[in-house]
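A short write-up of the structure that comes next.
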Amino acid sequence: MEMNSPIGPNALDAQRIVGKPLDRVDGRLKVTGSARYAYEMQQENTLYGFVVEASIGKGRIVSIDTRAAEKAPGVELVLTHRNAPAQGTGNHRDAHPVLTGPQVTRYGQPVAFVVAESFEQARAAAYLVDVKYDRSNGKYALHSNLDKARVPNPSDAPAADSAVGDFARAFASAPVQLDVTYTTPLQSHAMMEPHATLAMWDGDNLILHTANQMLNQGQQVIATTLKIPVENIRLISPFIGGGFGGKLWVNADAILAAIAARQLKRPVKIALTRQQIFHVTTHRSDTIQRLRLGTDSEGRILAIGHDVFSGNLPSEQTYEGAALQTRTLYAGPNRLTQHRQVPLDIPVASSMRAPGEAVGLMALECAMDELAEKLNLDPIELRVRNEPSEDPEKHIPYSSRHLIPCMQEGARRFGWDKRNPKPGQVRDGRWLVGIGMAAATRGNPLLLSKANVRLDPDGTCIVRMAMTDIGTGTYTILAQIAAEMLGLPMERVKVELGDTIFPQAAGSGGSWGAGSSGSALFEACNALREKLARTAGMDPATARFANGSIASGDQSRKLTDLVGVGMDADGEIRPGRNNKDFSQQSYGAHFAEVGVDEDTGEVRVRRMLGVFTAGRVLNAKTARSQAIGGMVFGVGAALHEEMTLDPRFGYFVNHDLAEYHVPVHADIPDIDAVFLAELDDQSNPLKSKGIGELGICGAGASIANAIYNACGARIRDYPITLDKLLSRLPVRT
Amino acid sequence: MKAFTYQRADSTAQAAAAAVKPGAKIIAGGTNLLDLMKLQVETPSNLVDINRLPLDKIEETPDGGLRIGTLVRNSDLAADPHVRQRYGVLSRALLAGASAQLRNKATTGGNLLQRTRCYYFYDVTKPCNKRSPGSGCAALAGFNRIHAVLGTSEHCIATHPSDMAVAMQALDAKVETVNRQGETKVIPIAEFYRLPGNTPEIETSLKSGEIITAVTLPPPPPGVQLYRKVRDRASYAFALVSVAAIVDTAHGRIRSARLAFGGLAHRPWRVAQAEQGLANTPANTATFNAAADAVLEGARGYVGNDFKIPLTRRTLHSVLAEITRT
């Protein structure tokens with residue numbers, strides 16, 4: 001089905017199983033360690049690979065001496081650009097060629113791949129590879145290369161610029177003006193499972209057990225890179241230990257393992273080390289964001305402008321879309337957004353945890369807080385006054401939008417009315433205490449996805465698609481949809497994912513996973529219901545499915561009596577006119593309370609609340625968990641996470657989890673996430689919207705705003721570490 | 001990680017004899033050494049495992065102090081009733097360090113000997129005088145947010161990362177050692193650690209083959225004990241600055257004070273002048289200021305860590321205000 005019209009009442013509306021807070025169906029496998037991840041797959045005769053990374057940012061390999069490594073115990077192969085095969089090329093979303101030549105374009109670029117009988121042997125030998133470089137001057141730091149900025153033009157993202165009305169004139173003449181610049185740092189995904197692959201060949205056919213969020217896309221990239229037909233490639237990835245965008249695209253682990261396995265005619269396994277992940281794979285660019293907001297004296301926005309700089313390799317067009325939400329979140333007749341991309345000689349910048357909104361809202365939603373103070377308005381009231389009646393740039397309706405109820409319900413639950421708008425007025429011992437809020441929004445994309453559902457004569461229902469579950473609960477919500485649609489108990493439904501021999505699926509990313517894959521399954525179930533009804537001689541439109549039976553009028557038949565040797569059906573969902581005719585987003589409101597140590601400037605979050613609307617919630621428990629996880633990301637983005645670039649070497653200095661800080665348990669206090677009832681009948685047949693990334697969007701800004709409320713320091717340079725607060729705290733002499 | 005041989009020592013003499021050989025390294029908890037070996041920062045050819053030696057007891061000493069075997073795990077030491085009752089600053093410091101899993105494994109002697117967390121020290125492709133003498137110091141003009149502001153040299157600005165050692169410095173601990181001849185030695189902790197100077201690769205006064213067998217604590221001095229660790233997240237982060245304080249106050253006057261600092265130097269930092277200056281003075285902002293001046297005498301930032309100087313002053317104020325109120 002193509003999404004071209006509103007969804008009327010359908011079989012999910014009963015919500016007997018869908019929406020319930022059921023435990024994860026794969027929970028037991030996970031906690032008992034029996035869910036097998038890519039690196040845990042066992043294959044006889046497997047060799048182990050270890051990457052040698054370039055230790056310069058830009059230049060040329062003058063020589064590689066591999067003799068010592070080749071002689072080291074257990075070593076079977078040392079791949080370098082001298083003996084690697086020719087590969088297809090393209091940007092990082094289309095191809096991932098490795099060891100292509102002596103040119104070094106970025107720090108951490110693989111320059112050799114050592115394969116040995118054991119991981120330890122491969123690692124030891126990797127240190128024996130002697131690489132000599134001719135180093136050239138690279139451009140590494142975003143802020144010092146802004147003069148080289150260009151207008152990016154990626155094929156798979158919105159246009160870099162947008163304009164409505166006359167921003168410059170409207171801003172200049174606005175009675176109230178705010179012009180502020182926020183910066184966000186380089187960030188790394190830091191998912192738990194490292195990038196890992198086990199590659200094996202069967203003649204001309206390649207099988208990869210690999211940690212990858214989008215298997216069908218990955219298949220394509222590998223086909224282009226290795227110059228082999230797509231149908232010769234099978235990707236298997238039933239469990240993924242977190243991705244956060246870092247496994248959306250194919251990484252060096254998959255290609256290196258595939259090439260080595262082909263040369264050696266043996267399976268080759270690789271996992272990147274934690275330190276390697278920071279440079280060998282992708283990251284999120286730092287951003288420099290200028291916000292200009294002009295309002296009338298009542299706080300109605302007359303002009304809104306958002307200019308963003310981010311960096312990437314010269315060969316890449318991808319940019320950090322930090323101004324995208326500014327095109328649609330608030331009303332205002334005069335608008336301007338611009339994304340500029342600065343070519344830099346550092347590793348590839350790509351999608352990470354709500355690309356765009358996550359860092360864009362950390363600027364926009366703090367600017368709104370600043371504006372509210374300027375106007376002497378409550379921050380929620382300012383947002384209410386700028387609630388648009390339609391998408392202010394596209395001039396199309398919202399599919400559904402309940403931002404104001406989220407803010408109001410959140411305010412009520414959080415005790416927002418107790419907030420003193422004057423900073424620095426509340427203390428608890430040596431802690432200065434403040435609260436802040438921010439709006440949340442995230443786009444709701446729909447991708448082509450297919451599914452197959454089968455009912456066996458023993459009553460087992462098997463759902464199959466090349467979908468992935470990166471830890472979000474996809475297995476569970478798909479089982480709920482099938483159980484609900486076919487009137488079966490949950491335990492009768494078996495969901496099989498993560499294999500490209502199954503129907504093509506959207507994969508996990510961009511908050512599209514549940515809506516796209518779930519809708520495909522919904523369609524497949526509808527098709528199977530129709531087949532079953534016809535077999536039973538009933539009208540598919542009125543037949544009821546419950547307790548393993550189909551019923552119509554006073555007739556009832558057991559499904560197992562109808563399926564013969566087994567009956568299956570396919571389903572498919574495609575984006576359509578609705579995805580152009582409606583502005584589709586999920587919404588929410590974040591509230592945070594923080595303490596700032598008045599002596600040391602240490603910031604600790606005390607409590608957080610997120611209230612969201614995202615269409616139909618498919619599982620109240622996994623949805624809440626997902627939202628809370630996003631809010632934890634928000635804590636990290638506001639307070640901790642930063643890769644520090646050393647411009648002398650062009651590398652990220654703190655490339656391990658000891659010094660790249662993410663929140664630990666002790667940083668995470670009482671967090672709650674609440675979903676308000678909503679159905680979106682323009683979005684997809686489930687009437688759901690994406691929730692994958694909604695939790696992070698705006699969460700960091702609510703913390704920054706709470707810090708300001710606590711101590712009166714407005715820090716526009718993330719993360720807000722204590723050194724930035726010290727000079728703004730009460731004097732101690 | 002380079003290939004290495006492994007041997008298990010059955011006696012301290014055997015361990016010391018093995019450890020004196022070139023390329024040998026003692027392993028106890030291994031929480032730091034193994035990480036460094038994986039990155040080839042440490043490349044021992046022989047590991048001497050001392051975990052089976054009977055050095056894991058905590059005993060009271062005749063003078064009313066405590067003797068802590070070198071193999072006592074950090075978790076056990078922090079939970080020991082004597083330590084909790086009489087050496088609260090040590091228990092608090094231990095629990096402020098690392099994570100529960102690491103503390104379960106890490107030993108007393110190993111904690112004293114852990115290496116710096118300087119980013120450049122951890123990366124063998126970068127210059128580092130501590131790891132590779134004469135190669136230069138990448139931190140001096142690099143990213144040095146976690147680096148030292150006191151006792152630095154032009155060759156090294158690394159800090160010692162231990163919390164435990166800071167508390168032990170305040171407690172005037174003594175380090176007991178034995179060598180392969182069976183000769184024992186007692187080294188006051190004040191003389192145990194070295195400043196980087198021209199030889200940042202030499203971090204302690206231990207001689208080759210000399211093994212730590214125990215740490216002894218004299219009876220605690222009078223006063224309230226407190227450990228404050230300032231860090232970038234609530235747990236599992238090294239100190240930006242930490243203070244171990246033992247202060248005896250009566251009627252608003254300080255009778256005696258001991259202050260040791262972590263996160264500021266190549267070793268736990270203690271300034272006698274600051275402590276003497278506080279003795280017999282009223283507990284007020286002026287005396288706290290004078291103490292901070294004395295502690296920070298000669299302090300020098302390297303841009304990324306400039307903030308540690310005001311942070312130390314403010315943290316000391318906070319600690320002294322709290323401890324003299326108690």
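So you can find residues: chains in the structure tokens are A, B, ... in the order shown, residues in each start at 1, and ligands are numbered from 1 in order.
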- All residues 9 Å or closer to Ser208 of chain B, only C-alpha atoms, same chain fewer than 3 positions away omitted, as a list in words: Ala16, Ala19, Val20, Lys21, Asn179 and Ile211 of chain B
Would you write out those residues with N, CA and C atoms, as a short mmCIF file (atom, residue, chain, number, x, y, z; two decimals), in the first residue's frame?
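The file below, again-v6.cif, is the result:
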data_model
loop_
_atom_site.label_atom_id
_atom_site.label_comp_id
_atom_site.auth_asym_id
_atom_site.auth_seq_id
_atom_site.Cartn_x
_atom_site.Cartn_y
_atom_site.Cartn_z
N ALA B 16 60.36 -11.27 43.73
CA ALA B 16 61.36 -10.20 43.60
C ALA B 16 62.49 -10.64 42.69
N ALA B 19 61.19 -10.43 39.25
CA ALA B 19 60.86 -9.07 38.82
C ALA B 19 62.09 -8.25 38.48
N VAL B 20 63.22 -8.64 38.99
CA VAL B 20 64.43 -7.85 38.76
C VAL B 20 64.96 -8.06 37.34
N LYS B 21 64.53 -9.10 36.69
CA LYS B 21 65.03 -9.39 35.34
C LYS B 21 64.44 -8.40 34.34
N ASN B 179 63.06 -6.66 48.74
CA ASN B 179 63.77 -6.92 47.49
C ASN B 179 64.17 -8.39 47.43
N ILE B 211 59.51 -4.94 45.71
CA ILE B 211 58.07 -5.20 45.65
C ILE B 211 57.38 -4.62 46.88
#
- Item | Neighbour list for segment 30-45 of chain B as a ChimeraX atom specification, cut-off 8 Å, only C-alpha atoms, skip fewer than 5 positions in-chain | /B:1-5,23-25,102,105-106,110,114-115,121-124,131
- Separation of atom CA of Arg604 of chain A from atom CA of Cys711 of chain A in Å: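 Taking atom CA of Cys711 of chain A as the start and atom CA of Arg604 of chain A as the end point, the length is 12.9 Å.
Nearest to chain A of all the residues B:Leu171, B:Cys118, B:Ala17, B:Ala283 is B:Cys118, counting only C-alpha atoms.
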- Query: Residues at most 9 Å from segment 143-154 of chain B, counting only C-alpha atoms, excluding those fewer than 2 positions away in the same chain, as number ranges by chain?
  - Reply: A: 644-646, 653; B: 117-119, 137-141, 156-160, 195-198, 200, 238-240, 263-267, 269, 296-309
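If you look at atom CA of Ile212 of chain B and atom CA of Gln85 of chain B, they are 25.4 Å away from each other.
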